[in-house]
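Below is the file data-v7.txt, which contains compact mmCIF, C-alpha atoms.
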# COMPACT_ATOMS: atom_id res chain seq x y z
CA MET R 34 -71.84 -7.19 6.30
CA ARG R 35 -69.19 -9.84 7.05
CA LYS R 36 -66.78 -7.18 8.30
CA LYS R 37 -69.09 -6.37 11.15
CA LEU R 38 -69.02 -9.89 12.37
CA ASP R 39 -65.21 -9.97 12.60
CA ASP R 40 -63.24 -8.68 15.56
CA PRO R 41 -62.01 -5.16 15.03
CA GLU R 42 -58.47 -5.39 13.63
CA VAL R 43 -55.56 -2.94 13.81
CA ASN R 44 -53.89 -2.38 10.49
CA MET R 45 -50.47 -3.96 10.98
CA THR R 46 -48.92 -3.18 7.60
CA PRO R 47 -47.34 0.25 8.32
CA MET R 48 -45.91 -0.98 11.61
CA ILE R 49 -44.38 -4.01 9.95
CA ASP R 50 -42.91 -1.74 7.30
CA VAL R 51 -41.26 0.45 9.91
CA VAL R 52 -39.98 -2.53 11.88
CA PHE R 53 -38.46 -4.02 8.74
CA GLN R 54 -36.77 -0.76 7.89
CA LEU R 55 -35.25 -0.63 11.38
CA MET R 56 -34.19 -4.25 11.13
CA ILE R 57 -32.41 -3.67 7.86
CA PHE R 58 -30.69 -0.59 9.29
CA PHE R 59 -29.38 -2.49 12.31
CA ILE R 60 -28.30 -5.53 10.32
CA VAL R 61 -26.39 -3.35 7.90
CA THR R 62 -24.68 -1.24 10.55
CA ILE R 63 -23.77 -3.93 13.07
CA LYS R 64 -20.15 -4.97 13.28
CA LEU R 65 -19.71 -8.44 14.62
CA ASN R 66 -16.15 -9.28 13.78
CA GLU R 67 -14.44 -6.52 15.70
CA GLN R 68 -12.09 -7.86 18.26
CA VAL R 69 -10.49 -4.97 20.02
CA ASN R 70 -9.19 -4.79 23.53
CA GLU R 71 -11.71 -2.61 25.33
CA ASP R 72 -9.29 -1.89 28.16
CA ILE R 73 -7.04 0.16 25.94
CA ILE R 74 -7.71 3.87 26.33
CA LEU R 75 -6.44 5.84 23.39
CA GLU R 76 -5.04 9.34 23.50
CA ASP R 77 -7.07 12.07 21.81
CA ALA R 78 -5.86 13.47 18.52
CA VAL R 79 -8.51 15.76 17.13
CA HIS R 80 -6.42 16.94 14.19
CA GLY R 81 -5.41 13.61 12.73
CA PRO R 82 -7.15 12.30 9.61
CA VAL R 83 -10.16 10.09 10.18
CA ILE R 84 -9.74 6.38 9.68
CA GLN R 85 -12.07 5.52 6.87
CA ASP R 86 -13.68 2.12 6.91
CA VAL R 87 -10.61 0.31 5.83
CA GLN R 88 -11.47 -2.24 3.21
CA ASP R 89 -7.91 -3.40 2.76
CA PRO R 90 -7.93 -7.04 3.85
CA ARG R 91 -4.22 -6.79 4.56
CA LEU R 92 -4.84 -4.33 7.39
CA PHE R 93 -2.85 -5.37 10.41
CA ILE R 94 -3.71 -4.10 13.89
CA VAL R 95 -1.29 -4.43 16.77
CA GLU R 96 -2.41 -3.53 20.27
CA VAL R 97 -0.23 -2.47 23.18
CA ASP R 98 -1.94 -2.26 26.55
CA ARG R 99 -0.95 -0.09 29.50
CA ARG R 100 1.33 -2.78 30.87
CA GLY R 101 3.12 -3.15 27.59
CA ALA R 102 1.65 -6.48 26.48
CA ILE R 103 1.51 -6.80 22.69
CA SER R 104 -1.59 -8.47 21.29
CA ILE R 105 -3.15 -9.21 17.92
CA HIS R 106 -6.86 -10.07 17.73
CA GLY R 107 -6.96 -10.38 21.50
CA LYS R 108 -4.09 -12.87 21.68
CA THR R 109 -0.93 -11.84 23.47
CA HIS R 110 2.30 -12.32 21.57
CA GLY R 111 5.94 -11.75 22.33
CA ALA R 112 8.09 -9.53 20.13
CA SER R 113 9.66 -12.53 18.37
CA GLN R 114 6.25 -14.01 17.56
CA LEU R 115 5.15 -10.64 16.19
CA ARG R 116 8.25 -10.60 14.03
CA ASN R 117 7.39 -14.05 12.65
CA ILE R 118 3.80 -13.03 11.93
CA LEU R 119 4.82 -9.84 10.16
CA ALA R 120 7.57 -11.59 8.21
CA THR R 121 5.07 -14.21 7.05
CA ARG R 122 2.66 -11.50 5.95
CA ARG R 123 5.36 -9.68 4.12
CA LYS R 124 6.30 -12.83 2.27
CA ARG R 125 2.66 -13.56 1.43
CA TYR R 126 1.92 -10.07 0.10
CA GLY R 127 5.24 -9.78 -1.65
CA SER R 128 5.89 -6.33 -0.19
CA ALA R 129 6.04 -4.51 3.10
CA GLU R 130 3.58 -1.89 1.89
CA PHE R 131 0.60 -3.05 3.86
CA PRO R 132 -1.13 -0.87 6.46
CA VAL R 133 -0.11 -1.44 10.05
CA LEU R 134 -2.16 0.25 12.74
CA ILE R 135 -0.87 0.48 16.28
CA ARG R 136 -3.49 0.82 19.00
CA ALA R 137 -1.43 1.71 22.04
CA ASP R 138 -2.79 2.81 25.39
CA TYR R 139 -1.91 6.38 26.28
CA ARG R 140 -0.40 5.10 29.53
CA ALA R 141 1.88 2.60 27.80
CA LYS R 142 5.56 3.40 28.08
CA HIS R 143 7.41 4.21 24.93
CA GLN R 144 9.88 1.38 25.60
CA ASP R 145 6.99 -1.08 25.12
CA VAL R 146 5.57 0.62 22.03
CA ARG R 147 9.11 0.74 20.73
CA LYS R 148 9.26 -3.06 20.61
CA VAL R 149 6.47 -3.02 18.01
CA LEU R 150 8.13 -0.21 16.07
CA ASP R 151 11.47 -2.01 16.07
CA VAL R 152 9.94 -5.26 14.86
CA CYS R 153 8.19 -3.40 12.03
CA THR R 154 11.40 -1.66 11.03
CA ASP R 155 13.26 -4.98 11.10
CA VAL R 156 10.70 -6.56 8.80
CA GLY R 157 10.96 -3.56 6.48
CA ILE R 158 7.76 -1.70 7.26
CA TRP R 159 8.54 2.01 7.39
CA ARG R 160 5.11 3.52 7.41
CA LEU R 161 3.20 3.06 10.62
CA ASP R 162 -0.03 4.51 11.95
CA PHE R 163 -0.90 5.24 15.53
CA VAL R 164 -4.59 5.11 16.30
CA ALA R 165 -6.07 7.90 18.43
CA VAL R 166 -9.55 9.14 19.19
CA LYS R 167 -10.77 11.99 17.05
CA GLU R 168 -14.22 12.24 18.50
CA HIS R 169 -15.72 10.53 21.52
CA LYS R 170 -19.04 8.83 20.96
CA ALA R 171 -18.98 5.62 22.96
CA THR R 172 -16.35 6.54 25.51
CA ALA R 173 -17.43 10.10 26.17
CA GLY R 174 -15.61 11.68 29.04
CA ARG R 175 -13.82 8.52 30.15
CA HIS R 176 -10.41 9.64 29.13
CA ARG R 177 -11.02 13.23 30.07
CA GLY R 178 -12.26 12.16 33.48
CA ASP R 179 -8.93 10.45 34.07
CA LYS R 180 -7.07 13.61 33.41
CA GLY R 181 -9.13 15.81 35.63
CA GLY R 182 -11.43 17.36 33.06
CA GLY R 183 -10.74 19.62 30.14
CA MET R 184 -8.70 18.72 27.11
CA VAL R 185 -6.09 16.04 27.30
CA ARG R 186 -3.23 18.23 26.45
CA ARG R 187 -1.41 19.57 29.45
CA MET K 77 -67.61 -23.10 9.95
CA SER K 78 -69.29 -21.88 6.84
CA ARG K 79 -67.72 -18.43 7.34
CA ARG K 80 -64.20 -19.95 7.47
CA LEU K 81 -64.64 -21.51 4.11
CA GLU K 82 -65.72 -18.25 2.60
CA GLU K 83 -62.53 -16.43 3.68
CA LYS K 84 -59.47 -16.27 1.52
CA PRO K 85 -56.51 -18.27 2.79
CA ARG K 86 -54.25 -16.02 4.96
CA ILE K 87 -50.67 -16.34 6.00
CA MET K 88 -50.22 -16.25 9.76
CA MET K 89 -48.27 -13.07 10.47
CA THR K 90 -48.08 -13.32 14.25
CA PRO K 91 -45.05 -15.67 14.61
CA MET K 92 -43.11 -13.68 12.03
CA ILE K 93 -43.84 -10.43 13.80
CA ASP K 94 -42.77 -12.02 17.07
CA VAL K 95 -39.43 -13.08 15.61
CA VAL K 96 -38.85 -9.72 13.97
CA PHE K 97 -39.55 -7.94 17.24
CA GLN K 98 -37.16 -10.19 19.09
CA LEU K 99 -34.45 -9.43 16.56
CA LEU K 100 -35.19 -5.73 16.69
CA ILE K 101 -34.92 -5.65 20.47
CA PHE K 102 -31.65 -7.59 20.27
CA PHE K 103 -30.16 -5.09 17.84
CA ILE K 104 -31.39 -2.05 19.76
CA VAL K 105 -29.91 -3.40 22.99
CA THR K 106 -26.58 -4.47 21.52
CA ILE K 107 -25.89 -1.47 19.29
CA LYS K 108 -23.06 0.73 20.48
CA GLN K 109 -22.00 3.97 18.97
CA GLU K 110 -18.41 3.88 17.86
CA ASP K 111 -15.78 6.48 18.60
CA ILE K 112 -14.36 8.16 15.56
CA PHE K 113 -10.70 7.31 15.26
CA SER K 114 -7.90 9.19 13.65
CA HIS K 115 -4.64 7.77 12.42
CA LEU K 116 -1.30 9.49 12.79
CA ASP K 117 1.19 8.39 10.17
CA ILE K 118 4.82 8.29 11.03
CA SER K 119 7.85 6.92 9.33
CA ARG K 120 10.50 5.11 11.19
CA PRO K 121 13.61 4.85 9.12
CA ALA K 122 16.18 2.29 10.16
CA PRO K 123 19.48 3.78 11.27
CA ASP K 124 21.64 4.05 8.20
CA PRO K 125 25.31 4.48 9.07
CA ASN K 126 26.01 6.32 5.80
CA GLN K 127 23.54 9.07 6.53
CA ARG K 128 24.59 9.87 10.04
CA GLU K 129 27.14 12.50 9.12
CA GLU K 130 24.73 14.35 6.89
CA GLN K 131 23.27 17.54 8.27
CA ILE K 132 19.61 17.92 7.36
CA GLU K 133 18.44 21.45 6.81
CA ASN K 134 15.53 22.84 8.82
CA LEU K 135 15.44 19.76 10.99
CA ILE K 136 13.03 20.16 13.87
CA GLU K 137 13.93 17.96 16.78
CA ILE K 138 11.45 17.32 19.57
CA LEU K 139 12.28 15.30 22.65
CA VAL K 140 9.39 13.60 24.42
CA GLY K 141 10.01 12.60 28.01
CA HIS K 142 12.44 15.37 28.85
CA LEU K 143 12.77 15.33 32.66
CA GLN K 144 10.25 12.45 32.75
CA THR K 145 7.14 14.30 31.65
CA GLY K 146 7.89 17.33 29.52
CA PHE K 147 8.76 18.17 25.95
CA SER K 148 11.77 19.95 24.67
CA MET K 149 12.49 21.28 21.23
CA ASN K 150 15.98 21.81 19.92
CA GLY K 151 17.15 21.70 23.53
CA ARG K 152 14.60 24.06 25.06
CA ILE K 153 12.05 22.82 27.57
CA MET K 154 8.50 23.66 26.55
CA THR K 155 4.93 23.07 27.51
CA SER K 156 2.62 21.66 24.88
CA ASP K 157 1.17 25.12 24.24
CA GLN K 158 4.59 26.63 23.71
CA LEU K 159 5.49 23.71 21.48
CA GLU K 160 2.38 24.28 19.41
CA ALA K 161 3.11 28.00 19.03
CA ARG K 162 6.72 27.35 18.03
CA LEU K 163 5.82 24.60 15.58
CA ARG K 164 3.14 26.78 14.03
CA GLU K 165 5.74 29.46 13.48
CA LEU K 166 8.21 27.00 11.96
CA ALA K 167 5.52 25.44 9.80
CA SER K 168 4.69 28.84 8.36
CA TYR K 169 8.21 28.92 6.84
CA ASP K 170 8.37 25.39 5.59
CA LYS K 171 5.67 22.78 5.87
CA LYS K 172 7.94 20.11 4.45
CA ALA K 173 10.52 20.53 7.18
CA PRO K 174 11.46 17.14 8.59
CA VAL K 175 10.39 16.65 12.19
CA VAL K 176 12.22 14.14 14.29
CA ILE K 177 10.47 13.12 17.48
CA LYS K 178 12.72 11.40 19.97
CA CYS K 179 11.15 9.48 22.79
CA THR K 180 12.73 8.27 25.98
CA GLY K 181 11.86 4.75 27.08
CA GLN K 182 9.94 5.92 30.13
CA SER K 183 7.87 8.54 28.32
CA LEU K 184 4.19 7.77 27.96
CA HIS K 185 2.80 6.91 24.56
CA GLY K 186 0.06 9.51 25.03
CA LYS K 187 2.69 12.24 25.03
CA LEU K 188 4.02 11.09 21.67
CA VAL K 189 0.49 11.10 20.26
CA THR K 190 0.01 14.63 21.63
CA VAL K 191 3.11 15.82 19.78
CA LEU K 192 2.01 14.06 16.59
CA ASP K 193 -1.39 15.68 16.91
CA ILE K 194 0.18 19.12 17.25
CA CYS K 195 2.27 18.42 14.16
CA TRP K 196 -0.86 17.47 12.24
CA GLU K 197 -2.58 20.59 13.45
CA VAL K 198 0.14 22.86 12.09
CA GLU K 199 0.36 20.70 8.95
CA LEU K 200 3.83 19.36 9.43
CA ARG K 201 3.66 15.95 7.78
CA ASN K 202 7.22 14.78 7.50
CA LEU K 203 7.33 13.02 10.86
CA SER K 204 9.80 10.46 12.09
CA VAL K 205 9.93 8.79 15.46
CA PHE K 206 13.17 7.73 17.08
CA SER K 207 13.57 5.86 20.33
CA MET K 208 16.26 6.62 22.86

Rewrite the structure from the file as structure tokens, please.
Amino acid sequence: MRKKLDDPEVNMTPMIDVVFQLMIFFIVTIKLNEQVNEDIILEDAVHGPVIQDVQDPRLFIVEVDRRGAISIHGKTHGASQLRNILATRRKRYGSAEFPVLIRADYRAKHQDVRKVLDVCTDVGIWRLDFVAVKEHKATAGRHRGDKGGGMVRR
Amino acid sequence: MSRRLEEKPRIMMTPMIDVVFQLLIFFIVTIKQEDIFSHLDISRPAPDPNQREEQIENLIEILVGHLQTGFSMNGRIMTSDQLEARLRELASYDKKAPVVIKCTGQSLHGKLVTVLDICWEVELRNLSVFSM
């Protein structure tokens, strides 16, 4: 009898359930601490092994843009500063066996990428990784568009 | 008034739902699908004067930046397709053959990555990069 007096009400519970599920999904998948230079366009390398979500806190990413500027976490550094940073890391970890990823633009000249390689070799890091794009999701067609369509390889 | 008192106490859901919707819209708008990245491992040994005289067997030498843009292998100019075919053939004999990739200063980094990708494709893993 009382029900009839009330306003008709939509059952909110299933909607709230769904919204919460979505919320949890987005909160879990969002990455806030990524600081990468968006201007760097990477070469495609469809055969290279996928970078797994690297949990190693020692991971070190060096970026080289198309003009040859070296940067770490968005801050530009000279080769000597990079050497100091890597030497400090090496001392802290007690070995040179920490992963170093190089994100270099495909238009960068080798003489600029070489500076990073030479610094790493000087510090004693032999194993280096170049980052490339295995599969386009966010930047679909951008790189290919530059090269006049088709695969990158010419 | 009398009806109010009869009802059970209820938590107000409306503000919470408002906040949750705001958050949801924020996440939906800001989410960006990530590219899948691959990593190409190389080793870069420092020049060791004692090893220079040594001849390494089955050494595959690739020059990136030959005549500005091209590749050459063991002295022969090649396109990337020819390079791939030749490397596939060599890899079928010996997958552990050391590959030395030499890059000129003016060569583009993308070209080096292309060569490394070809090497990965044909399962040559012993890759070194030298700069000229």

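Considering all atoms listed in the file, the residue among K:Pro174, K:Pro91, K:Gly141, K:Gly151 positioned nearest to chain R is K:Gly141.
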
Report task. Within 10 Å of Asn202 of chain K, counting all atoms listed in the file, which residues show up once you throw out same-chain ones fewer than 4 positions away? Write them as a ChimeraX atom specification, please. Result -> /K:117-119,171-176,195-196

Just C-alpha atoms for this one: save the residues we selected as a PDB file, in the frame of the given file.
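The new file out29.pdb reads:
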ATOM      1  CA  ASP K 117       1.190   8.390  10.170  1.00  0.00           C
ATOM      2  CA  ILE K 118       4.820   8.290  11.030  1.00  0.00           C
ATOM      3  CA  SER K 119       7.850   6.920   9.330  1.00  0.00           C
ATOM      4  CA  LYS K 171       5.670  22.780   5.870  1.00  0.00           C
ATOM      5  CA  LYS K 172       7.940  20.110   4.450  1.00  0.00           C
ATOM      6  CA  ALA K 173      10.520  20.530   7.180  1.00  0.00           C
ATOM      7  CA  PRO K 174      11.460  17.140   8.590  1.00  0.00           C
ATOM      8  CA  VAL K 175      10.390  16.650  12.190  1.00  0.00           C
ATOM      9  CA  VAL K 176      12.220  14.140  14.290  1.00  0.00           C
ATOM     10  CA  CYS K 195       2.270  18.420  14.160  1.00  0.00           C
ATOM     11  CA  TRP K 196      -0.860  17.470  12.240  1.00  0.00           C
TER      12      TRP K 196
END

Query raised in the report: Once you count only C-alpha atoms, which residues of chain R turn out to be within 6 Å of chain K? Could you give them as a PyMOL selection string?
Result: chain R and resi 56+76+78+80-84+139-144+159-171

Convert the current residue selection to file output with C-alpha atoms, as a tab-separated table (two decimals), in the frame of the given file.
chain	number	residue	atom	x	y	z
R	56	MET	CA	-34.19	-4.25	11.13
R	76	GLU	CA	-5.04	9.34	23.50
R	78	ALA	CA	-5.86	13.47	18.52
R	80	HIS	CA	-6.42	16.94	14.19
R	81	GLY	CA	-5.41	13.61	12.73
R	82	PRO	CA	-7.15	12.30	9.61
R	83	VAL	CA	-10.16	10.09	10.18
R	84	ILE	CA	-9.74	6.38	9.68
R	139	TYR	CA	-1.91	6.38	26.28
R	140	ARG	CA	-0.40	5.10	29.53
R	141	ALA	CA	1.88	2.60	27.80
R	142	LYS	CA	5.56	3.40	28.08
R	143	HIS	CA	7.41	4.21	24.93
R	144	GLN	CA	9.88	1.38	25.60
R	159	TRP	CA	8.54	2.01	7.39
R	160	ARG	CA	5.11	3.52	7.41
R	161	LEU	CA	3.20	3.06	10.62
R	162	ASP	CA	-0.03	4.51	11.95
R	163	PHE	CA	-0.90	5.24	15.53
R	164	VAL	CA	-4.59	5.11	16.30
R	165	ALA	CA	-6.07	7.90	18.43
R	166	VAL	CA	-9.55	9.14	19.19
R	167	LYS	CA	-10.77	11.99	17.05
R	168	GLU	CA	-14.22	12.24	18.50
R	169	HIS	CA	-15.72	10.53	21.52
R	170	LYS	CA	-19.04	8.83	20.96
R	171	ALA	CA	-18.98	5.62	22.96

Requested in this report: To one decimal in Å, tell me the separation between atom CA of Arg136 of chain R and atom CA of Glu96 of chain R.
Outcome: 4.7 Å

Given 4 Å of margin on each side, can you work out the centre and size in Å (one decimal) of an axis-aligned box holding every listed atom of segment 96-111 of chain R, as JSON?
{"center_x": -0.5, "center_y": -6.5, "center_z": 24.3, "size_x": 20.9, "size_y": 20.8, "size_z": 21.1}

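If you look at atom CA of Phe131 of chain R and atom CA of Asp98 of chain R, they are 22.8 Å away from each other.
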